[in-house]
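Q: Submitted below is the structure of interest, expressed as structure tokens.
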Amino acid sequence: MKKIVLPIALVLVLFVMAVHLFHRPPMPNLTQLQLQQTYSVKPIASVDHTRFEELQKEFATPQEVTEACIACHNERHKEVMASNHWNWERISYVEGRGIERMGKQNVLNNFCIGTNSNQQSCARCHIGFGMSNNRFDFENARNVDCMVCHDHSEEYIKGASTAGYPDRSVNLSRVAQSVGRPGNINCGACHFYGGGGNNVKHGDLEDALLTADRSVDVHMAANGINMTCVDCHTAENHQMKGTLYSVSSTHVNRLSCEECHTTTPHNDRMLDVHTGRIACQTCHIPTFAKENPTKIAWRWSEAGQLKDGQPFSEVDSMGREIYLSIKGSFEWATHVEPEYYWFNGHATHYILGDKVDSIPLQVNRLLGSARDRESKIIPVKVHRGDQIYDPNTEMLIQPKLWSEAKGDSAFWQDLDWHAAAAAGMQEAGLPYSGEYSFIPTEMYWPVNHMVAPKGESLTCAECHTREGGRLAGLNDFYLPGRDKHAGIHVLGRLLLLGALLGVLVHALLRFVSALRNNKMKSENIQ
Amino acid sequence: MAQLVYVYKQFERFWHWSQAVLILFLALTGFEVHGSIYLFGFEKAVIYHRYAAWLLLGLIVFSIFWHITTGEWRQYWPQLSKLQAQLRYYTYGMFKGEPHPTHKTLRNKLNPLQALTYLGFKLLMAPLLVSTGLLYMFHRSIDANDMVLISEIPLEWVAWLHTLGAYLLLMFVIIHVYMTTTGATPLANIEAMLTGYEELEEDKSE
């Protein structure tokens, strides 16, 4: 009896253990349910601006609207004027540089290069009026453009090259009476169309987000939770949360998924332990530019060609602009798989006047490595191209691109690199040797938006695979399933082969000796 | 006089065969996680490997308990004085048709070479695999705020040692399976491990 009881008890215990291990009751993700509830209730405006007498009048200039705003919101302009949106730069401590004022004023990008000498056009995306050159008065509150962010009438639009002033067609009175919490198109007016068109720069921010379904973006989907930009990019005193490392350089005021979703959002320990070193975006944004194409390459070196003596443009079979005499050649892509890099929240930038220290030059570098505990793997849109460069001073050149008319040294008018380089560098207060060439340049854009439904996120084997995985290029750490130590397999195979051989030889010897012994036995009997 | 003796108790046989199944399953899933073979897909292989590992750990705990309480652990104490004779038998004597130099008895189920090998299994190979396996399992580079960190030990080393252990264990399996054929008849030892009964020479000391 005893003989039976113990094994049965043992089997039962093991069975219970197995059940406990294998069975997973479906658990509600409480955090997510709570979030869904929170963001289901949309904010309602607390005042109706149409009923304010101060706004029921004709405004001759946009500055008059700003004055009307300040008349009631009499401290808000100070907050705005302390913001990056206004100053186009922020002061930060950058490793290896010290305290640095950095932003659109002095950092170059891989698209239209830089704002210097081109403000009249670039200021279309400045929240101010009249930034026509680098002598803009950042202390003048009248020039704060409240409407561009707060307009709800969808009437407000900045002029094409009017230094940030609204287009003449705008009915300022209607706009002033419509204001409220920024909507997606307020942010998108600049952040979707940067670089000269929809989705050109980011790849993950584009006007498809205005009417997205869940497969494009689970957060902003009209048929989903229908969140707006500012639901995540909240603002305290007009300081928006979130940084993008095209211009930002420090791990300050950064916005992360974890703030809502926590670091353990999966109800699965195996997945949760990934969050320490892998950003949520890495698995949950398998591709970007899901609806409309984004530019992945821009070669300025090919700009300036003429056809029959005239500038021209070319489109590909998809209708995408691939050549423009004033800008050079472009490459576009949709459903782009990001590249992956370690990133610790800090970046360095090429600042106008720096010596070029590598070719290709990274106009911004994302810092981090596997060894750095603060680093996580993030998805990145890498934009590659080339830019004009002075081989004697070893500086990138800030060319003057925009001007109202020909004969003002602007490249987009005269197609003369020499004149554009001289004028641009002079405006920036930097030397130009009179000689120019082009060098390859790269720009790194962390991908944060267009989060896919969970069924479309990366699966394990897309990284944990011997060859061709998503992380094939990231080789400074050991990744199970991808990496192997060459030595261990040689050693292991030798061990197995040795064992097999030994066993075979031994068996053979036994067989042979058995035959011989039998023979001897039979001989003895005879 | 040879007689049928109940050599392997019920638990012993259960332990032996469940351990064998688990080890082979762990080898399959383990080498899949390692990227050497494809069977279940990486995700499932990882999960199965962990479940099997926990089951094996449970089994190991039971078997340690069993060995201590029954005193069977003494079986693994090798009689070094007879080791040479045993080695000579396997490399020379058995080809000449000489008899086994040691006698299998209830108190002495293992010959000196077996005892030494199993002792090595239990004191070196299993601890190597278990310790590196646990390090692998709990090797977290997670937020300092969240979980235990063992990331100071590079995963590459842990994986290297764990793989080495796996190869050693496979080597053991090959030789072990082969050695079962060296009994009275080629299948006698396996039969004994299945039924528990084996024909043994009478134990003079009892």
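Numbering starts fresh at 1 for the residues of each chain in the structure tokens, the chains themselves are lettered A, B, ... in the order given, and ligands are numbered from 1 as they appear.
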Residues of chain B within 8 Å of chain A, using only C-alpha atoms, as a PyMOL selection string?

A: chain B and resi 10-11+32-35+41-43+51+55+58+94-97+140-143+155-156+160+163-164+167-168+170-171+174-175+178

Q: Write out, as a PDB file, in the first residue's frame, the residues just selected, with C-alpha atoms.

A:
```pdb
ATOM      1  CA  GLN B  10       9.262   2.722  -8.048  1.00  0.00           C
ATOM      2  CA  PHE B  11      10.376   6.277  -7.324  1.00  0.00           C
ATOM      3  CA  GLU B  32      16.108  25.794 -30.649  1.00  0.00           C
ATOM      4  CA  VAL B  33      16.408  28.809 -28.361  1.00  0.00           C
ATOM      5  CA  HIS B  34      20.058  28.782 -29.235  1.00  0.00           C
ATOM      6  CA  GLY B  35      19.153  28.967 -32.904  1.00  0.00           C
ATOM      7  CA  GLY B  41       9.386  28.405 -33.171  1.00  0.00           C
ATOM      8  CA  PHE B  42      11.466  30.585 -30.878  1.00  0.00           C
ATOM      9  CA  GLU B  43       8.615  31.861 -28.736  1.00  0.00           C
ATOM     10  CA  TYR B  51       8.317  24.908 -18.065  1.00  0.00           C
ATOM     11  CA  LEU B  55       9.572  20.571 -13.748  1.00  0.00           C
ATOM     12  CA  GLY B  58      11.007  20.072  -8.958  1.00  0.00           C
ATOM     13  CA  MET B  94      35.350  -7.547 -21.664  1.00  0.00           C
ATOM     14  CA  PHE B  95      36.852  -8.269 -25.079  1.00  0.00           C
ATOM     15  CA  LYS B  96      38.516 -11.336 -23.628  1.00  0.00           C
ATOM     16  CA  GLY B  97      35.268 -12.539 -22.147  1.00  0.00           C
ATOM     17  CA  ARG B 140      17.449  40.837 -16.301  1.00  0.00           C
ATOM     18  CA  SER B 141      18.638  44.105 -17.525  1.00  0.00           C
ATOM     19  CA  ILE B 142      15.459  45.587 -16.258  1.00  0.00           C
ATOM     20  CA  ASP B 143      15.032  48.979 -14.739  1.00  0.00           C
ATOM     21  CA  LEU B 155      24.733  36.959 -20.724  1.00  0.00           C
ATOM     22  CA  GLU B 156      27.247  35.748 -23.264  1.00  0.00           C
ATOM     23  CA  TRP B 160      28.358  29.838 -23.175  1.00  0.00           C
ATOM     24  CA  THR B 163      25.565  25.484 -23.842  1.00  0.00           C
ATOM     25  CA  LEU B 164      28.729  23.737 -22.696  1.00  0.00           C
ATOM     26  CA  TYR B 167      26.868  19.413 -24.846  1.00  0.00           C
ATOM     27  CA  LEU B 168      28.380  17.590 -21.873  1.00  0.00           C
ATOM     28  CA  LEU B 170      24.333  15.034 -24.487  1.00  0.00           C
ATOM     29  CA  MET B 171      27.705  13.368 -24.480  1.00  0.00           C
ATOM     30  CA  ILE B 174      25.246   8.923 -25.733  1.00  0.00           C
ATOM     31  CA  ILE B 175      27.713   7.022 -23.578  1.00  0.00           C
ATOM     32  CA  TYR B 178      25.557   2.696 -25.003  1.00  0.00           C
TER      33      TYR B 178
END
```

Q: For the strand (DSSP E or B) assignment from backbone DSSP, which residues of segment 165-352 of chain A qualify? Please present them as a PDB file with C-alpha atoms, in the first residue's frame.

A:
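What ended up in selection-v4.pdb:
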```pdb
ATOM      1  CA  PRO A 166      -1.332  84.538 -41.448  1.00  0.00           C
ATOM      2  CA  ALA A 235       1.512  71.140 -21.326  1.00  0.00           C
ATOM      3  CA  GLU A 236       2.232  72.762 -18.028  1.00  0.00           C
ATOM      4  CA  GLN A 239       5.777  73.898 -21.893  1.00  0.00           C
ATOM      5  CA  MET A 240       4.859  70.931 -24.051  1.00  0.00           C
ATOM      6  CA  ILE A 278      13.838  47.872 -25.300  1.00  0.00           C
ATOM      7  CA  PHE A 288       6.124  53.726 -40.280  1.00  0.00           C
ATOM      8  CA  THR A 294       8.186  59.711 -46.368  1.00  0.00           C
ATOM      9  CA  LYS A 295      11.484  60.982 -47.723  1.00  0.00           C
ATOM     10  CA  ILE A 296      14.353  58.693 -46.893  1.00  0.00           C
ATOM     11  CA  ALA A 297      17.003  60.363 -49.025  1.00  0.00           C
ATOM     12  CA  TRP A 298      17.655  63.833 -50.327  1.00  0.00           C
ATOM     13  CA  ARG A 299      20.709  64.589 -52.455  1.00  0.00           C
ATOM     14  CA  LYS A 307      16.204  71.058 -69.044  1.00  0.00           C
ATOM     15  CA  GLN A 310      14.834  75.770 -67.477  1.00  0.00           C
ATOM     16  CA  SER A 313      10.756  68.569 -61.760  1.00  0.00           C
ATOM     17  CA  GLU A 314      10.201  64.850 -62.136  1.00  0.00           C
ATOM     18  CA  VAL A 315       7.689  62.515 -60.558  1.00  0.00           C
ATOM     19  CA  GLU A 321       8.371  64.073 -56.668  1.00  0.00           C
ATOM     20  CA  ILE A 322      11.802  62.554 -57.213  1.00  0.00           C
ATOM     21  CA  TYR A 323      13.639  65.500 -58.713  1.00  0.00           C
ATOM     22  CA  LEU A 324      13.417  69.204 -58.379  1.00  0.00           C
ATOM     23  CA  GLY A 328      17.974  67.931 -55.901  1.00  0.00           C
ATOM     24  CA  SER A 329      16.829  64.324 -55.986  1.00  0.00           C
ATOM     25  CA  PHE A 330      14.702  62.482 -53.441  1.00  0.00           C
ATOM     26  CA  GLU A 331      13.832  58.937 -52.474  1.00  0.00           C
ATOM     27  CA  TRP A 332      10.516  58.065 -50.909  1.00  0.00           C
ATOM     28  CA  ALA A 333       9.321  54.990 -49.101  1.00  0.00           C
ATOM     29  CA  VAL A 336       9.344  51.450 -43.881  1.00  0.00           C
ATOM     30  CA  GLU A 339      16.535  50.897 -38.181  1.00  0.00           C
ATOM     31  CA  TYR A 340      17.386  50.178 -34.561  1.00  0.00           C
ATOM     32  CA  TYR A 341      19.822  51.933 -32.261  1.00  0.00           C
ATOM     33  CA  TRP A 342      20.694  52.130 -28.603  1.00  0.00           C
ATOM     34  CA  PHE A 343      19.570  55.441 -27.181  1.00  0.00           C
ATOM     35  CA  ALA A 347      21.965  63.370 -28.538  1.00  0.00           C
ATOM     36  CA  THR A 348      24.628  65.579 -30.017  1.00  0.00           C
ATOM     37  CA  HIS A 349      24.184  67.788 -33.014  1.00  0.00           C
ATOM     38  CA  ILE A 351      25.951  73.044 -34.909  1.00  0.00           C
TER      39      ILE A 351
END
```

Q: Between B:Gly93, B:Pro186, B:Gly196, B:Gly165, which residue has the minimum interatomic distance to Gly30 of chain B, considering only C-alpha atoms?

A: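 Residue with the minimum atom-to-atom distance to Gly30 of chain B: B:Gly165.
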
Q: Would you return as an mmCIF file with C-alpha atoms, in the first residue's frame the members of segment 209-301 of chain A that DSSP assigns to alpha helix (DSSP H) on this structure's backbone?

A:
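Listed below is the output, part-v4.cif:
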```cif
data_model
loop_
_atom_site.group_PDB
_atom_site.id
_atom_site.type_symbol
_atom_site.label_atom_id
_atom_site.label_comp_id
_atom_site.auth_asym_id
_atom_site.auth_seq_id
_atom_site.Cartn_x
_atom_site.Cartn_y
_atom_site.Cartn_z
ATOM 1 C CA CYS A 229 -1.830 65.077 -29.765
ATOM 2 C CA VAL A 230 -2.159 67.022 -26.541
ATOM 3 C CA ASP A 231 -3.660 64.097 -24.644
ATOM 4 C CA CYS A 232 -0.118 62.761 -24.441
ATOM 5 C CA GLU A 258 5.482 54.118 -19.723
ATOM 6 C CA GLU A 259 3.945 57.219 -18.189
ATOM 7 C CA CYS A 260 0.545 55.778 -18.971
ATOM 8 C CA HIS A 261 1.277 52.143 -19.676
ATOM 9 C CA ARG A 269 6.521 38.459 -17.360
ATOM 10 C CA MET A 270 8.575 37.327 -20.317
ATOM 11 C CA LEU A 271 7.503 40.357 -22.328
ATOM 12 C CA ASP A 272 7.648 42.712 -19.374
ATOM 13 C CA CYS A 280 7.931 50.099 -26.386
ATOM 14 C CA GLN A 281 8.129 51.643 -29.853
ATOM 15 C CA THR A 282 10.609 49.017 -31.027
ATOM 16 C CA CYS A 283 8.074 46.193 -31.011
ATOM 17 C CA HIS A 284 4.901 48.205 -31.327
#
```

Q: Could you tell me which of A:Gln413, A:Gln37, A:Gln387, A:Ser457 comes closest to Tyr436 of chain A if we count only C-alpha atoms?

A: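 Among A:Gln413, A:Gln37, A:Gln387, A:Ser457, it is A:Gln387 that comes nearest to Tyr436 of chain A.
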
Q: Give me the residues near segment 13-15 of chain B as a ChimeraX atom specification, where near means some atom within 8 Å (using only C-alpha atoms) and where sequence neighbours in that chain fewer than 5 positions away do not count.

A: /B:8,59,63,193-194,196

Q: As a PDB file with N, CA and C atoms, in the first residue's frame, please: the residues near Asn106 of chain A (cut-off 10 Å, only C-alpha atoms, same-chain neighbours under 6 positions excluded).

A:
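Produced file result.pdb, reproduced below:
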```pdb
ATOM      1  N   TRP A  88      12.665  78.778 -30.447  1.00  0.00           N
ATOM      2  CA  TRP A  88      13.330  77.939 -31.445  1.00  0.00           C
ATOM      3  C   TRP A  88      14.712  77.513 -30.978  1.00  0.00           C
ATOM      4  N   GLU A  89      14.904  77.499 -29.684  1.00  0.00           N
ATOM      5  CA  GLU A  89      16.152  76.980 -29.146  1.00  0.00           C
ATOM      6  C   GLU A  89      15.925  76.682 -27.675  1.00  0.00           C
ATOM      7  N   GLY A 114      18.760  74.570 -43.130  1.00  0.00           N
ATOM      8  CA  GLY A 114      18.715  75.401 -41.926  1.00  0.00           C
ATOM      9  C   GLY A 114      17.894  76.651 -42.145  1.00  0.00           C
ATOM     10  N   THR A 115      17.566  77.290 -41.027  1.00  0.00           N
ATOM     11  CA  THR A 115      16.678  78.445 -41.112  1.00  0.00           C
ATOM     12  C   THR A 115      17.409  79.738 -41.411  1.00  0.00           C
ATOM     13  N   ASN A 116      18.695  79.774 -41.085  1.00  0.00           N
ATOM     14  CA  ASN A 116      19.430  81.023 -41.241  1.00  0.00           C
ATOM     15  C   ASN A 116      19.356  81.546 -42.668  1.00  0.00           C
ATOM     16  N   VAL A 247      16.237  68.198 -32.871  1.00  0.00           N
ATOM     17  CA  VAL A 247      16.754  69.433 -32.286  1.00  0.00           C
ATOM     18  C   VAL A 247      17.075  69.316 -30.799  1.00  0.00           C
ATOM     19  N   HIS A 349      24.578  67.229 -31.720  1.00  0.00           N
ATOM     20  CA  HIS A 349      24.184  67.788 -33.014  1.00  0.00           C
ATOM     21  C   HIS A 349      25.350  68.471 -33.692  1.00  0.00           C
ATOM     22  N   TYR A 350      25.272  68.500 -34.993  1.00  0.00           N
ATOM     23  CA  TYR A 350      26.163  69.372 -35.737  1.00  0.00           C
ATOM     24  C   TYR A 350      25.592  70.772 -35.609  1.00  0.00           C
ATOM     25  N   ILE A 351      26.391  71.661 -35.047  1.00  0.00           N
ATOM     26  CA  ILE A 351      25.951  73.044 -34.909  1.00  0.00           C
ATOM     27  C   ILE A 351      26.680  73.884 -35.941  1.00  0.00           C
ATOM     28  N   LEU A 352      25.941  74.750 -36.549  1.00  0.00           N
ATOM     29  CA  LEU A 352      26.486  75.627 -37.582  1.00  0.00           C
ATOM     30  C   LEU A 352      27.837  76.190 -37.142  1.00  0.00           C
ATOM     31  N   GLY A 353      28.877  75.933 -37.938  1.00  0.00           N
ATOM     32  CA  GLY A 353      30.212  76.407 -37.592  1.00  0.00           C
ATOM     33  C   GLY A 353      31.121  75.307 -37.072  1.00  0.00           C
ATOM     34  N   GLN A 398      25.712  76.730 -44.742  1.00  0.00           N
ATOM     35  CA  GLN A 398      24.312  77.124 -44.674  1.00  0.00           C
ATOM     36  C   GLN A 398      24.038  77.994 -45.897  1.00  0.00           C
ATOM     37  N   ALA A 428      25.062  84.063 -41.466  1.00  0.00           N
ATOM     38  CA  ALA A 428      25.287  83.293 -40.241  1.00  0.00           C
ATOM     39  C   ALA A 428      26.542  83.766 -39.502  1.00  0.00           C
TER      40      ALA A 428
END
```

Q: Might you pull out every residue within 12 Å of His100 of chain B, with only C-alpha atoms counted and same-chain residues fewer than 3 positions away left off, and present them as an MDAnalysis selection string?

A: chainID B and resid 82 85:90 92:97 103:104 111:112 182:184 201

Q: Tell me, as number ranges by chain, which residues lie within 10 Å of Val7 of chain B, counting only C-alpha atoms; anything in the same chain fewer than 2 positions away does not count.

A: B: 4-5, 9-10, 12-13, 104-107, 109, 192-193, 195-200

Q: Please dump the current selection as an mmCIF file, in the first residue's frame; keep C-alpha atoms.

A:
```
data_model
loop_
_atom_site.group_PDB
_atom_site.id
_atom_site.type_symbol
_atom_site.label_atom_id
_atom_site.label_comp_id
_atom_site.auth_asym_id
_atom_site.auth_seq_id
_atom_site.Cartn_x
_atom_site.Cartn_y
_atom_site.Cartn_z
ATOM 1 C CA LEU B 4 15.624 -11.999 -9.458
ATOM 2 C CA VAL B 5 16.096 -8.968 -7.188
ATOM 3 C CA LYS B 9 12.343 1.127 -6.600
ATOM 4 C CA GLN B 10 9.262 2.722 -8.048
ATOM 5 C CA GLU B 12 13.819 5.602 -8.696
ATOM 6 C CA ARG B 13 12.399 4.405 -11.996
ATOM 7 C CA LYS B 104 26.129 -5.630 -8.565
ATOM 8 C CA THR B 105 24.241 -5.922 -5.290
ATOM 9 C CA LEU B 106 21.383 -4.018 -3.713
ATOM 10 C CA ARG B 107 23.848 -2.091 -1.573
ATOM 11 C CA LYS B 109 24.177 -1.045 -7.536
ATOM 12 C CA ALA B 192 15.762 -3.656 -15.146
ATOM 13 C CA MET B 193 15.239 0.106 -15.193
ATOM 14 C CA THR B 195 10.547 -3.284 -14.377
ATOM 15 C CA GLY B 196 12.777 -2.750 -11.377
ATOM 16 C CA TYR B 197 13.845 -6.409 -11.335
ATOM 17 C CA GLU B 198 17.222 -7.683 -12.329
ATOM 18 C CA GLU B 199 18.973 -11.027 -12.042
ATOM 19 C CA LEU B 200 21.845 -10.608 -9.626
#
```

Q: Tell me, in Å to one decimal, how far atom CA of Met137 of chain B is from atom CA of Phe31 of chain B.

A: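 Straight-line distance from atom CA of Met137 of chain B to atom CA of Phe31 of chain B works out to 15.4 Å.
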
Q: Quote the spacing between atom CA of Pro399 of chain A and atom CA of Met102 of chain A in Å to one decimal place.

A: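 Spanning atom CA of Pro399 of chain A to atom CA of Met102 of chain A is a straight-line distance of 19.1 Å.
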
Q: Need to verify the contact set: Thr180 of chain B, 9 Å, only C-alpha atoms, exclusion of same-chain residues closer than 6 positions in sequence. Can you return it as a PyMOL selection string?

A: chain B and resi 186-190

Q: Restricting the output to C-alpha atoms, write the selected residues as a PDB file, in the first residue's frame.

A:
```
ATOM      1  CA  PRO B 186      22.218  -6.058 -24.345  1.00  0.00           C
ATOM      2  CA  LEU B 187      18.736  -5.159 -23.055  1.00  0.00           C
ATOM      3  CA  ALA B 188      19.060  -6.497 -19.493  1.00  0.00           C
ATOM      4  CA  ASN B 189      19.887  -3.125 -17.940  1.00  0.00           C
ATOM      5  CA  ILE B 190      17.114  -1.239 -19.701  1.00  0.00           C
TER       6      ILE B 190
END
```

Q: Please compute the atom CA of Ser325 of chain A-atom CA of Phe312 of chain A distance, one decimal, in Å.

A: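 Taking atom CA of Ser325 of chain A as the start and atom CA of Phe312 of chain A as the end point, the length is 5.6 Å.
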